[in-house]
>>> print(open('coords-v2.txt').read())   # compact mmCIF, C-alpha atoms
# COMPACT_ATOMS: atom_id res chain seq x y z
CA MET A 1 37.44 0.57 -24.55
CA SER A 2 34.09 0.64 -22.80
CA TYR A 3 32.35 -0.02 -26.11
CA LEU A 4 34.02 -3.43 -26.18
CA ALA A 5 33.03 -4.08 -22.60
CA ASP A 6 29.37 -3.44 -23.48
CA ASP A 7 29.66 -5.97 -26.27
CA LEU A 8 30.99 -8.60 -23.91
CA LYS A 9 28.29 -7.76 -21.36
CA GLU A 10 25.61 -8.29 -24.01
CA LYS A 11 27.14 -11.68 -24.81
CA GLY A 12 27.00 -12.48 -21.11
CA ASN A 13 23.35 -11.43 -20.91
CA ALA A 14 22.49 -13.62 -23.90
CA ALA A 15 24.25 -16.61 -22.35
CA PHE A 16 22.44 -15.93 -19.06
CA ARG A 17 19.05 -15.91 -20.78
CA ASN A 18 19.92 -19.28 -22.35
CA GLY A 19 20.77 -20.69 -18.95
CA GLN A 20 24.50 -20.99 -19.86
CA PHE A 21 25.67 -19.65 -16.53
CA ILE A 22 29.31 -20.71 -16.70
CA GLU A 23 29.71 -19.06 -20.11
CA ALA A 24 27.85 -15.98 -18.90
CA GLU A 25 30.16 -15.60 -15.92
CA ASP A 26 33.12 -15.85 -18.26
CA TRP A 27 31.78 -13.11 -20.59
CA TYR A 28 31.13 -10.79 -17.66
CA THR A 29 34.64 -11.43 -16.32
CA GLN A 30 36.09 -10.46 -19.69
CA ALA A 31 33.87 -7.39 -19.77
CA ILE A 32 35.15 -6.37 -16.34
CA GLN A 33 38.74 -6.75 -17.51
CA LYS A 34 37.98 -4.30 -20.33
CA HIS A 35 36.07 -1.82 -18.24
CA SER A 36 36.13 -2.28 -14.52
CA ARG A 37 34.04 0.75 -13.49
CA ASN A 38 30.62 -0.30 -14.78
CA PRO A 39 28.52 -1.33 -11.75
CA LEU A 40 25.97 -3.13 -13.93
CA ILE A 41 28.48 -5.71 -15.11
CA PHE A 42 29.29 -6.54 -11.49
CA THR A 43 25.61 -6.88 -10.60
CA ASN A 44 25.03 -9.12 -13.59
CA ARG A 45 27.98 -11.30 -12.68
CA ALA A 46 26.72 -11.43 -9.09
CA ASN A 47 23.37 -12.69 -10.39
CA VAL A 48 24.99 -15.43 -12.45
CA ARG A 49 27.20 -16.39 -9.51
CA LEU A 50 24.07 -16.78 -7.38
CA LYS A 51 22.81 -19.26 -9.98
CA LEU A 52 26.16 -21.07 -9.79
CA GLN A 53 26.01 -20.95 -5.97
CA ARG A 54 29.35 -19.11 -5.85
CA TRP A 55 28.23 -17.11 -2.87
CA ASP A 56 31.55 -15.47 -1.93
CA GLY A 57 32.10 -14.31 -5.49
CA ALA A 58 28.55 -12.96 -5.59
CA VAL A 59 29.11 -11.02 -2.35
CA ASN A 60 32.31 -9.49 -3.72
CA ASP A 61 30.62 -8.46 -6.97
CA CYS A 62 27.70 -6.84 -5.15
CA LEU A 63 30.02 -4.95 -2.81
CA LYS A 64 32.08 -3.80 -5.79
CA SER A 65 28.96 -2.65 -7.63
CA ILE A 66 27.77 -0.78 -4.53
CA GLU A 67 31.22 0.74 -4.05
CA ILE A 68 31.19 2.08 -7.62
CA THR A 69 27.71 3.61 -7.41
CA GLY A 70 28.26 4.80 -3.84
CA ALA A 71 26.56 3.20 -0.86
CA ASN A 72 23.76 5.78 -0.79
CA SER A 73 22.82 5.57 -4.45
CA GLN A 74 20.07 3.61 -6.13
CA ASN A 75 21.36 0.07 -6.64
CA HIS A 76 18.52 -2.11 -5.32
CA LYS A 77 19.48 -5.10 -7.45
CA ALA A 78 22.98 -5.22 -5.97
CA PHE A 79 21.56 -5.05 -2.45
CA TYR A 80 19.01 -7.76 -3.25
CA PHE A 81 21.62 -10.11 -4.74
CA LEU A 82 23.89 -9.35 -1.80
CA ALA A 83 21.13 -10.31 0.61
CA GLN A 84 20.59 -13.62 -1.20
CA ALA A 85 24.28 -14.51 -1.06
CA GLN A 86 24.57 -13.47 2.58
CA LEU A 87 21.60 -15.59 3.54
CA ALA A 88 23.08 -18.57 1.70
CA LEU A 89 26.30 -18.01 3.66
CA HIS A 90 24.29 -18.09 6.93
CA HIS A 91 24.68 -14.41 7.75
CA PRO A 92 21.03 -13.53 8.33
CA HIS A 93 21.82 -10.25 10.14
CA GLU A 94 23.75 -8.89 7.19
CA ALA A 95 21.24 -10.40 4.76
CA LEU A 96 18.34 -8.68 6.52
CA SER A 97 20.10 -5.34 6.47
CA SER A 98 20.84 -5.68 2.73
CA ALA A 99 17.30 -6.85 1.98
CA LEU A 100 15.83 -3.90 3.89
CA THR A 101 18.04 -1.49 1.93
CA ALA A 102 16.84 -3.05 -1.34
CA TYR A 103 13.22 -2.84 -0.14
CA ASP A 104 13.57 0.80 0.92
CA GLN A 105 15.19 1.70 -2.40
CA VAL A 106 12.21 0.44 -4.39
CA ARG A 107 9.79 1.85 -1.82
CA TYR A 108 11.41 5.30 -1.89
CA PRO A 109 13.50 5.40 -5.09
CA LEU A 110 16.54 7.63 -4.69
CA SER A 111 16.30 8.88 -8.24
CA PRO A 112 13.26 9.36 -10.47
CA ALA A 113 15.05 7.49 -13.28
CA ALA A 114 15.45 4.35 -11.16
CA LYS A 115 14.56 1.25 -13.14
CA ILE A 116 12.22 -0.67 -10.88
CA SER A 117 10.25 -3.64 -12.08
CA PRO A 118 6.67 -3.89 -10.80
CA LYS A 119 7.41 -7.18 -9.11
CA ASP A 120 10.42 -5.88 -7.15
CA LEU A 121 8.49 -4.57 -4.15
CA GLU A 122 6.73 -7.89 -3.67
CA THR A 123 9.84 -10.00 -4.24
CA PHE A 124 11.95 -7.93 -1.87
CA SER A 125 9.19 -7.83 0.71
CA ALA A 126 9.00 -11.63 0.72
CA PHE A 127 12.76 -11.83 1.02
CA VAL A 128 12.85 -9.46 3.98
CA LEU A 129 10.45 -11.81 5.74
CA LYS A 130 12.62 -14.80 4.86
CA CYS A 131 15.69 -13.09 6.38
CA LYS A 132 13.74 -12.22 9.52
CA LYS A 133 12.69 -15.83 9.93
CA ALA A 134 16.25 -17.05 9.39
CA LYS A 135 17.60 -14.57 11.91
CA PHE A 136 14.94 -15.54 14.39
CA SER A 137 15.59 -19.26 14.13
CA ILE A 138 19.37 -18.91 14.37
CA ARG A 139 19.07 -16.76 17.45
CA ASP A 140 16.71 -19.29 18.93
CA ARG A 141 19.11 -22.16 18.28
CA ASP A 142 22.00 -20.23 19.82
CA ARG A 143 19.96 -19.51 22.90
CA LEU A 144 18.98 -23.14 23.30
CA ARG A 145 22.57 -24.23 22.94
CA ARG A 146 23.76 -21.68 25.49
CA GLN A 147 21.02 -22.76 27.83
CA GLY A 148 22.09 -26.38 27.33
CA ASP A 149 25.67 -25.46 28.24
CA LEU A 150 24.58 -23.65 31.35
CA ARG A 151 22.48 -26.55 32.46
CA ALA A 152 25.28 -29.06 31.87
CA GLU A 153 27.67 -26.89 33.87
CA LEU A 154 25.27 -26.54 36.78
CA GLU A 155 24.59 -30.26 36.87
CA GLU A 156 28.30 -30.92 36.86
CA THR A 157 28.84 -28.58 39.80
CA LEU A 158 26.07 -30.27 41.79
CA GLU A 159 27.61 -33.63 40.99
CA THR A 160 31.04 -32.45 42.20
CA ASN A 161 29.56 -31.09 45.42
CA LYS A 162 27.72 -34.33 46.04
CA GLN A 163 30.90 -36.33 45.55
CA ARG A 164 32.80 -34.02 47.87
CA ASP A 165 30.19 -34.48 50.63
CA LEU A 166 30.17 -38.24 50.17
CA ASP A 167 33.97 -38.33 50.38
CA ASP A 168 33.77 -36.23 53.50
CA VAL A 169 31.46 -38.77 55.14
CA SER A 170 33.77 -41.67 54.17
CA ARG A 171 36.73 -39.85 55.69
CA GLN A 172 34.88 -39.21 58.93
CA LEU A 173 33.87 -42.87 58.98
CA GLU A 174 37.52 -43.88 58.61
CA ASN A 175 38.59 -41.48 61.35
CA LEU A 176 35.87 -43.01 63.49
CA THR A 177 34.44 -39.54 64.14
CA LEU A 178 31.23 -40.87 62.63
CA GLY A 179 29.37 -44.08 63.39
CA GLN A 180 28.23 -46.56 60.71
CA VAL A 181 24.55 -45.84 61.09
CA GLU A 182 25.01 -42.10 61.22
CA ALA A 183 27.24 -42.23 58.16
CA SER A 184 24.71 -44.12 56.07
CA GLU A 185 22.02 -41.63 57.16
CA ARG A 186 24.23 -38.75 56.09
CA ASN A 187 24.87 -40.45 52.73
CA GLN A 188 21.17 -40.92 52.14
CA GLU A 189 20.54 -37.30 52.98
CA ILE A 190 23.24 -36.18 50.55
CA MET A 191 21.84 -38.31 47.76
CA LEU A 192 18.29 -37.13 48.36
CA ASN A 193 19.44 -33.55 48.46
CA PHE A 194 21.27 -34.01 45.17
CA ASP A 195 18.29 -35.63 43.44
CA ASN A 196 16.02 -32.83 44.61
CA LYS A 197 18.37 -30.17 43.31
CA ILE A 198 18.67 -31.86 39.92
CA ALA A 199 14.90 -32.15 39.68
CA GLU A 200 14.49 -28.51 40.61
CA LEU A 201 17.06 -27.49 38.01
CA LYS A 202 15.15 -29.44 35.39
CA THR A 203 11.89 -27.75 36.36
CA VAL A 204 13.45 -24.30 36.18
CA PHE A 205 14.84 -24.96 32.70
CA ALA A 206 11.58 -26.51 31.58
CA ILE A 207 9.75 -23.33 32.54
CA VAL A 208 12.03 -21.13 30.45
CA ASP A 209 12.58 -23.70 27.71
CA PRO A 210 9.99 -23.27 24.95
CA ALA A 211 10.52 -26.84 23.76
CA ASN A 212 8.51 -27.93 26.77
CA HIS A 213 5.70 -25.56 26.02
CA LYS A 214 2.95 -25.65 23.51
CA PRO A 215 3.83 -22.85 21.08
CA ARG A 216 1.48 -19.92 20.96
CA GLU A 217 0.18 -18.46 17.71
CA ILE A 218 1.26 -15.13 16.29
CA PRO A 219 -1.50 -12.66 17.18
CA ASP A 220 -3.92 -12.09 14.29
CA HIS A 221 -3.31 -8.35 14.18
CA LEU A 222 0.28 -8.95 13.05
CA ILE A 223 -0.82 -11.22 10.19
CA ASP A 224 -1.53 -9.93 6.69
CA MET A 225 -5.01 -11.17 5.81
CA ILE A 226 -4.05 -11.70 2.16
CA THR A 227 -0.89 -13.80 2.40
CA PHE A 228 -1.47 -15.04 5.98
CA GLU A 229 2.16 -14.12 6.69
CA PRO A 230 3.42 -11.86 9.48
CA MET A 231 3.69 -8.24 8.30
CA HIS A 232 6.78 -6.05 8.33
CA ASP A 233 5.63 -2.92 6.46
CA PRO A 234 1.92 -2.59 7.22
CA VAL A 235 -0.28 0.08 5.64
CA MET A 236 -3.78 1.07 6.65
CA THR A 237 -6.88 1.55 4.49
CA LYS A 238 -9.39 4.34 4.92
CA MET A 239 -11.52 1.92 6.93
CA GLY A 240 -8.66 1.25 9.33
CA HIS A 241 -7.74 -2.28 8.24
CA SER A 242 -4.06 -3.01 7.77
CA TYR A 243 -2.30 -5.13 5.15
CA GLU A 244 1.26 -5.78 4.09
CA ARG A 245 2.19 -3.03 1.63
CA ALA A 246 3.40 -5.28 -1.20
CA THR A 247 0.32 -7.53 -1.18
CA ILE A 248 -2.31 -4.81 -0.98
CA TYR A 249 -0.50 -3.01 -3.85
CA GLU A 250 -0.75 -6.23 -5.85
CA HIS A 251 -4.48 -6.42 -5.15
CA LEU A 252 -5.11 -2.74 -5.95
CA LYS A 253 -3.37 -3.13 -9.31
CA ARG A 254 -6.13 -5.55 -10.31
CA SER A 255 -9.04 -4.14 -8.41
CA PRO A 256 -8.99 -0.67 -6.85
CA THR A 257 -11.29 -1.64 -3.99
CA ASP A 258 -11.01 -2.22 -0.27
CA PRO A 259 -10.78 -6.01 0.12
CA LEU A 260 -13.23 -6.07 3.00
CA THR A 261 -15.74 -3.36 2.18
CA ARG A 262 -15.39 -3.13 -1.63
CA ASP A 263 -15.37 0.64 -1.37
CA PRO A 264 -13.15 2.33 -3.95
CA LEU A 265 -9.57 2.41 -2.72
CA ARG A 266 -6.43 3.73 -4.41
CA MET A 267 -2.78 3.31 -3.47
CA ASP A 268 -2.69 7.00 -2.54
CA ASP A 269 -5.37 6.37 0.08
CA LEU A 270 -3.12 3.98 2.00
CA ARG A 271 -1.30 5.29 5.03
CA ASN A 272 1.70 3.97 6.90
CA ASN A 273 0.74 2.23 10.09
CA PHE A 274 3.79 3.02 12.20
CA GLY A 275 2.26 1.78 15.43
CA LEU A 276 1.57 -1.63 13.97
CA LYS A 277 4.98 -1.68 12.30
CA ALA A 278 6.55 -1.11 15.70
CA ALA A 279 4.47 -3.97 17.11
CA CYS A 280 5.63 -6.23 14.27
CA ASP A 281 9.28 -5.28 14.83
CA GLU A 282 8.88 -5.84 18.53
CA PHE A 283 7.48 -9.28 17.86
CA TRP A 284 10.57 -10.27 15.88
CA GLU A 285 12.88 -8.79 18.49
CA SER A 286 11.01 -10.05 21.52
CA GLY A 287 12.82 -13.37 21.62
CA ALA A 288 9.45 -14.88 22.40
CA SER A 289 10.53 -18.07 20.74
CA GLU A 290 7.46 -19.95 21.81
CA TRP A 291 5.63 -18.24 18.94
CA ILE A 292 4.90 -20.28 15.89
CA ILE A 293 6.67 -18.68 12.97
CA ASP A 294 4.77 -20.62 10.36
CA TRP A 295 1.35 -19.74 11.66
CA MET B 1 3.87 -15.22 -7.41
CA ALA B 2 3.81 -19.00 -7.38
CA SER B 3 5.18 -19.00 -3.88
CA MET B 4 2.44 -16.66 -2.70
CA SER B 5 -0.37 -19.06 -3.59
CA SER B 6 1.39 -22.14 -2.27
CA LYS B 7 2.27 -20.55 1.07
CA ARG B 8 -1.18 -19.21 1.56
CA LEU B 9 -2.88 -22.49 0.57
CA GLN B 10 -0.58 -24.47 2.84
CA LYS B 11 -1.74 -22.31 5.72
CA GLU B 12 -5.39 -22.58 4.74
CA LEU B 13 -5.03 -26.34 4.54
CA THR B 14 -3.58 -26.60 8.02
CA LYS B 15 -6.50 -24.58 9.34
CA ILE B 16 -9.14 -26.49 7.37
CA GLN B 17 -7.82 -29.84 8.55
CA GLY B 18 -8.54 -28.63 12.06
CA THR B 19 -12.15 -27.50 12.03
CA LEU B 20 -14.78 -26.68 9.41
CA PRO B 21 -18.35 -25.47 9.85
CA PRO B 22 -21.08 -28.17 9.84
CA GLY B 23 -21.97 -29.51 6.39
CA ILE B 24 -18.59 -28.64 4.85
CA THR B 25 -15.86 -31.26 4.47
CA LEU B 26 -12.51 -31.43 2.76
CA VAL B 27 -12.48 -34.48 0.46
CA SER B 28 -8.97 -34.22 -0.86
CA ALA B 29 -6.21 -31.70 -1.48
CA PRO B 30 -3.69 -33.71 -3.49
CA ASP B 31 -1.62 -30.64 -4.24
CA LEU B 32 -1.79 -26.90 -3.92
CA ARG B 33 -3.54 -26.42 -7.26
CA GLU B 34 -6.79 -28.33 -6.91
CA TRP B 35 -8.93 -29.15 -3.90
CA VAL B 36 -12.18 -31.08 -3.64
CA MET B 37 -14.82 -30.12 -1.08
CA ASP B 38 -18.22 -31.60 -0.19
CA ILE B 39 -21.14 -29.56 1.12
CA SER B 40 -24.57 -30.53 2.35
CA ILE B 41 -27.59 -28.34 3.00
CA ILE B 42 -29.79 -28.58 6.03
CA ASP B 43 -33.25 -27.11 6.46
CA ASN B 44 -34.19 -26.58 2.83
CA PRO B 45 -36.80 -28.97 1.34
CA ILE B 46 -35.36 -28.39 -2.17
CA TYR B 47 -32.23 -30.29 -1.17
CA PRO B 48 -32.73 -33.71 0.49
CA PRO B 49 -30.75 -33.85 3.72
CA ASN B 50 -28.97 -37.03 2.67
CA GLU B 51 -27.65 -35.48 -0.56
CA THR B 52 -24.15 -34.11 -0.70
CA TYR B 53 -22.69 -31.92 -3.41
CA ARG B 54 -19.11 -31.94 -4.59
CA MET B 55 -17.14 -28.85 -5.56
CA ARG B 56 -13.78 -28.59 -7.24
CA PHE B 57 -11.53 -25.62 -6.46
CA SER B 58 -8.73 -24.78 -8.89
CA PHE B 59 -6.15 -22.20 -7.90
CA SER B 60 -3.93 -20.13 -10.16
CA PRO B 61 -0.43 -19.18 -8.97
CA SER B 62 -1.83 -15.70 -8.32
CA TYR B 63 -4.33 -16.90 -5.70
CA PRO B 64 -5.51 -15.19 -3.49
CA ILE B 65 -5.07 -12.04 -5.57
CA GLU B 66 -7.01 -13.90 -8.26
CA ALA B 67 -10.23 -15.80 -7.50
CA PRO B 68 -10.16 -19.59 -7.47
CA GLU B 69 -12.24 -21.41 -10.07
CA VAL B 70 -15.09 -23.22 -8.32
CA VAL B 71 -17.47 -25.65 -10.03
CA PHE B 72 -19.83 -28.41 -8.94
CA VAL B 73 -18.96 -31.85 -10.31
CA VAL B 74 -21.00 -34.99 -10.99
CA LEU B 75 -19.87 -38.31 -9.59
CA ALA B 76 -21.40 -41.80 -9.80
CA ALA B 77 -20.02 -43.28 -6.59
CA PRO B 78 -20.44 -41.84 -4.08
CA GLU B 79 -23.34 -40.19 -5.83
CA ARG B 80 -22.90 -36.47 -6.33
CA LYS B 81 -25.35 -34.38 -8.37
CA ILE B 82 -25.34 -30.76 -9.41
CA PRO B 83 -27.65 -28.94 -6.99
CA ILE B 84 -30.59 -27.22 -8.63
CA HIS B 85 -30.48 -23.45 -8.27
CA PRO B 86 -31.27 -20.46 -10.52
CA HIS B 87 -27.55 -19.52 -10.46
CA ILE B 88 -26.07 -22.97 -11.03
CA TYR B 89 -25.97 -24.34 -14.56
CA SER B 90 -26.49 -28.05 -15.04
CA ASN B 91 -22.81 -28.45 -16.05
CA GLY B 92 -21.78 -27.31 -12.58
CA ILE B 93 -20.78 -23.73 -13.38
CA ILE B 94 -21.76 -21.35 -10.61
CA CYS B 95 -22.80 -17.79 -11.24
CA LEU B 96 -21.80 -16.07 -8.02
CA ASP B 97 -20.40 -12.55 -7.86
CA LEU B 98 -17.67 -13.30 -5.37
CA LEU B 99 -16.16 -15.83 -7.78
CA ASP B 100 -15.71 -13.47 -10.73
CA SER B 101 -12.84 -11.07 -11.03
CA GLN B 102 -14.90 -8.02 -10.02
CA GLY B 103 -16.52 -9.57 -6.99
CA TRP B 104 -13.53 -11.49 -5.66
CA SER B 105 -11.52 -10.17 -2.77
CA PRO B 106 -8.23 -11.64 -1.53
CA VAL B 107 -9.54 -11.76 2.02
CA HIS B 108 -11.90 -14.56 0.96
CA ASN B 109 -10.69 -18.11 1.38
CA VAL B 110 -11.81 -21.63 0.62
CA GLU B 111 -13.82 -21.86 3.80
CA SER B 112 -15.61 -18.55 3.28
CA VAL B 113 -16.42 -19.46 -0.34
CA CYS B 114 -17.92 -22.76 0.82
CA ILE B 115 -19.99 -20.95 3.42
CA SER B 116 -21.24 -18.46 0.82
CA ILE B 117 -22.27 -21.21 -1.58
CA GLN B 118 -23.84 -23.21 1.22
CA SER B 119 -25.91 -20.23 2.33
CA MET B 120 -26.82 -19.40 -1.27
CA LEU B 121 -28.32 -22.90 -1.52
CA ALA B 122 -29.85 -22.86 1.94
CA GLY B 123 -31.72 -19.64 1.15
CA ASN B 124 -32.94 -20.78 -2.25
CA THR B 125 -36.70 -20.97 -2.88
CA LYS B 126 -36.78 -21.88 -6.59
CA ALA B 127 -36.13 -25.42 -7.80
CA GLU B 128 -35.04 -24.31 -11.26
CA ARG B 129 -31.99 -23.81 -13.49
CA PRO B 130 -30.83 -20.43 -14.79
CA PRO B 131 -32.67 -19.15 -17.89
CA GLY B 132 -31.03 -20.47 -21.06
CA ASP B 133 -29.39 -23.35 -19.21
CA ALA B 134 -29.64 -25.89 -22.05
CA GLU B 135 -28.24 -23.43 -24.59
CA PHE B 136 -25.42 -22.35 -22.26
CA VAL B 137 -24.39 -25.91 -21.41
CA ARG B 138 -24.36 -26.83 -25.11
CA SER B 139 -22.40 -23.85 -26.36
CA ASN B 140 -20.10 -22.76 -23.53
CA ARG B 141 -16.39 -23.41 -24.11
CA GLN B 142 -15.08 -20.72 -21.78
CA ARG B 143 -13.54 -21.16 -18.38
CA PRO B 144 -15.98 -20.04 -15.68
CA ARG B 145 -14.03 -16.95 -14.65
CA ASP B 146 -13.84 -15.67 -18.24
CA ILE B 147 -17.60 -15.73 -18.66
CA ASN B 148 -19.28 -12.40 -18.33
CA PHE B 149 -22.40 -13.42 -16.46
CA LEU B 150 -25.52 -11.40 -16.59
CA TYR B 151 -27.02 -11.49 -13.17
CA HIS B 152 -30.57 -12.21 -14.20
CA ASP B 153 -32.05 -11.89 -10.81
CA PRO B 154 -29.85 -10.36 -8.15
CA LYS B 155 -32.40 -11.17 -5.47
CA VAL B 156 -31.91 -14.95 -5.71
>>> encode(input="coords-v2.txt", output="structure tokens")
Amino acid sequence: MSYLADDLKEKGNAAFRNGQFIEAEDWYTQAIQKHSRNPLIFTNRANVRLKLQRWDGAVNDCLKSIEITGANSQNHKAFYFLAQAQLALHHPHEALSSALTAYDQVRYPLSPAAKISPKDLETFSAFVLKCKKAKFSIRDRDRLRRQGDLRAELEETLETNKQRDLDDVSRQLENLTLGQVEASERNQEIMLNFDNKIAELKTVFAIVDPANHKPREIPDHLIDMITFEPMHDPVMTKMGHSYERATIYEHLKRSPTDPLTRDPLRMDDLRNNFGLKAACDEFWESGASEWIIDW
Amino acid sequence: MASMSSKRLQKELTKIQGTLPPGITLVSAPDLREWVMDISIIDNPIYPPNETYRMRFSFSPSYPIEAPEVVFVVLAAPERKIPIHPHIYSNGIICLDLLDSQGWSPVHNVESVCISIQSMLAGNTKAERPPGDAEFVRSNRQRPRDINFLYHDPKV
């Protein structure tokens, strides 16, 4: 039975390579009907569904593939495809978590036989950053909206209070407990008071609202000097300079030298920079939305 | 990798459009594959102060892991000549270690390359072409970064 499924999977792969995504999806579906316990067929179908922008289907296939291999087994492709679909579905939290799992699985393979392509670390690293940015901007939008709501509510309350006070004055005027001149003075006072409060409210929100501030730049020590992007997995050279792991690996593959000093440098010489990693994480979590994300 | 070079160049461009050191100007950056820069040299009698030299930067998708290709170009109007220097061939090819694959480092950028070339010219004392210039210009068909230069005189 599974021999037939492999045949169908190969047909799917061939169609995929030719860019015939609809046909490829169909072959994979047939393969799954023959043999539904092969995680690779699900990952392949997830990949083709990403091409077809069938995000929900892609998520299901990735989850199925991960379920078959077990959540703690090497399946970095499934986690990477899952992250892509989740990001497309506007779930950046879930996408980030999947992308980080994929990244960790190529960084620390769970089995020595893991098939990892040399580009994976770099691709996944870039995708982790993309998820972080998406998460950051969504959180920022939410916060602004919430703040907008709060401000609208407060203004409404002030407006209601003002109206109540004005009505009060009119009533007293009718009851003749208040003279004409005194009443108009009271009204003026109420209006002035209201305007002041609204202005003060605006100032307070302007102070906390980054839209009214000039954005600050991300500090240089969190920026990878090769890609000019913020780092998320920094490593340190013997000289003490830090770079993003995936990009310095890419450089060392071509030239085993320290980019700044040209001294010989091998991948084994690089050390995790946990302190800087914590600083990078803190930056993303800080909610300091006045930072420029695209440096 | 294509996205790596375009992101990085986009960021360099934003920075370059802000400020550049004196004597270095961005002429055009029509896309993220080829930029044109002008440099002028002050305080060196070999290069008249009113002369400006034009350089063309070409970037591969692997920039900045791979070096950009940088050459001087000739132009009639505005007039741009190839500056005379023992490391610059009369067809505009520059023999500079930081531009070949061994000497390049990804922490370099367009601005730092311009500064290096500018200071290489500013410090020059010999108004001459590299040895074998005529022969090289006639016979060379290689791209600059594929040429295995012999550094005739590392002191220049």
>>> residues_near_point(input="coords-v2.txt", point="(-11.0, -23.6, 0.4)", cutoff="9 Å", atoms="only C-alpha atoms", output="list in words")
Leu9, Glu12, Leu13, Ile16, Leu26, Trp35, Val36, Met37, Phe57, Pro68, Asn109, Val110, Glu111, Ser112, Val113 and Cys114 of chain B
>>> residues_around(input="coords-v2.txt", residues="stretch 8-23 of chain A", least_positions_apart="5", cutoff="6 Å", atoms="only C-alpha atoms", output="list of chain:residue names")
A:Tyr28, A:Ala31, A:Val48
>>> interface_residues(input="coords-v2.txt", of="chain B", to="chain A", cutoff="6 Å", atoms="only C-alpha atoms", output="ChimeraX atom specification")
/B:8,65,105-107
>>> closest_residue(input="coords-v2.txt", among="B:Glu69, B:Trp104, B:Leu99, B:Glu79", to="B:Arg143", atoms="only C-alpha atoms")
B:Glu69
>>> residues_around(input="coords-v2.txt", residues="stretch 74-90 of chain A", least_positions_apart="5", cutoff="8 Å", atoms="only C-alpha atoms", output="mmCIF file with C-alpha atoms, keeping the file's coordinate frame")
data_model
loop_
_atom_site.group_PDB
_atom_site.id
_atom_site.type_symbol
_atom_site.label_atom_id
_atom_site.label_comp_id
_atom_site.auth_asym_id
_atom_site.auth_seq_id
_atom_site.Cartn_x
_atom_site.Cartn_y
_atom_site.Cartn_z
ATOM 1 C CA THR A 43 25.610 -6.880 -10.600
ATOM 2 C CA ALA A 46 26.720 -11.430 -9.090
ATOM 3 C CA ASN A 47 23.370 -12.690 -10.390
ATOM 4 C CA LEU A 50 24.070 -16.780 -7.380
ATOM 5 C CA TRP A 55 28.230 -17.110 -2.870
ATOM 6 C CA ASP A 56 31.550 -15.470 -1.930
ATOM 7 C CA ALA A 58 28.550 -12.960 -5.590
ATOM 8 C CA VAL A 59 29.110 -11.020 -2.350
ATOM 9 C CA CYS A 62 27.700 -6.840 -5.150
ATOM 10 C CA LEU A 63 30.020 -4.950 -2.810
ATOM 11 C CA SER A 65 28.960 -2.650 -7.630
ATOM 12 C CA ILE A 66 27.770 -0.780 -4.530
ATOM 13 C CA THR A 69 27.710 3.610 -7.410
ATOM 14 C CA ALA A 95 21.240 -10.400 4.760
ATOM 15 C CA LEU A 96 18.340 -8.680 6.520
ATOM 16 C CA SER A 97 20.100 -5.340 6.470
ATOM 17 C CA SER A 98 20.840 -5.680 2.730
ATOM 18 C CA ALA A 99 17.300 -6.850 1.980
ATOM 19 C CA THR A 101 18.040 -1.490 1.930
ATOM 20 C CA ALA A 102 16.840 -3.050 -1.340
ATOM 21 C CA TYR A 103 13.220 -2.840 -0.140
ATOM 22 C CA GLN A 105 15.190 1.700 -2.400
ATOM 23 C CA VAL A 106 12.210 0.440 -4.390
ATOM 24 C CA PRO A 109 13.500 5.400 -5.090
ATOM 25 C CA LEU A 110 16.540 7.630 -4.690
ATOM 26 C CA SER A 111 16.300 8.880 -8.240
ATOM 27 C CA ALA A 114 15.450 4.350 -11.160
ATOM 28 C CA PHE A 124 11.950 -7.930 -1.870
ATOM 29 C CA CYS A 131 15.690 -13.090 6.380
#
>>> atom_distance(input="coords-v2.txt", atom1="atom CA of A:Met191", atom2="atom CA of A:Ile207")
24.5 Å
>>> axis_aligned_box(input="coords-v2.txt", around="stretch 79-96 of chain B", padding_each_side="3 Å", output="lines of an AutoDock Vina configuration file")
center_x = -26.0
center_y = -28.1
center_z = -10.9
size_x = 16.5
size_y = 30.1
size_z = 16.2
>>> atom_distance(input="coords-v2.txt", atom1="atom CA of B:Asp97", atom2="atom CA of B:Gly18")
28.2 Å
>>> atom_distance(input="coords-v2.txt", atom1="atom CA of A:His35", atom2="atom CA of A:Ala5")
5.8 Å
>>> residues_near_point(input="coords-v2.txt", point="(0.0, -2.9, 6.7)", cutoff="9 Å", atoms="all atoms listed in the file", output="list in words")
Leu222, Asp224, Met231, His232, Asp233, Pro234, Val235, Met236, Thr237, His241, Ser242, Tyr243, Glu244, Arg245, Ala246, Ile248, Leu270, Arg271, Asn272, Asn273, Phe274, Leu276 and Lys277 of chain A
>>> residues_around(input="coords-v2.txt", residues="A:Ile68", least_positions_apart="5", cutoff="8 Å", atoms="only C-alpha atoms", output="PyMOL selection string")
chain A and resi 37-39
>>> residues_around(input="coords-v2.txt", residues="stretch 143-150 of chain A", least_positions_apart="4", cutoff="9 Å", atoms="only C-alpha atoms", output="list in words")
Ile138, Arg139, Leu154, Glu155, Phe205 and Asp209 of chain A
>>> closest_residue(input="coords-v2.txt", among="B:Ser5, B:Gln118, B:Thr52, B:Ser28", to="B:Pro64", atoms="all atoms listed in the file")
B:Ser5
>>> residues_around(input="coords-v2.txt", residues="stretch 137-140 of chain B", least_positions_apart="5", cutoff="9 Å", atoms="all atoms listed in the file", output="ChimeraX atom specification")
/B:89-91,132,147
>>> closest_residue(input="coords-v2.txt", among="A:Asp220, A:Val169, A:Glu153, A:Gln33", to="A:Val181", atoms="all atoms listed in the file")
A:Val169
>>> closest_residue(input="coords-v2.txt", among="B:Met4, B:Met55, B:Leu20, B:Ala29", to="A:Phe127", atoms="all atoms listed in the file")
B:Met4
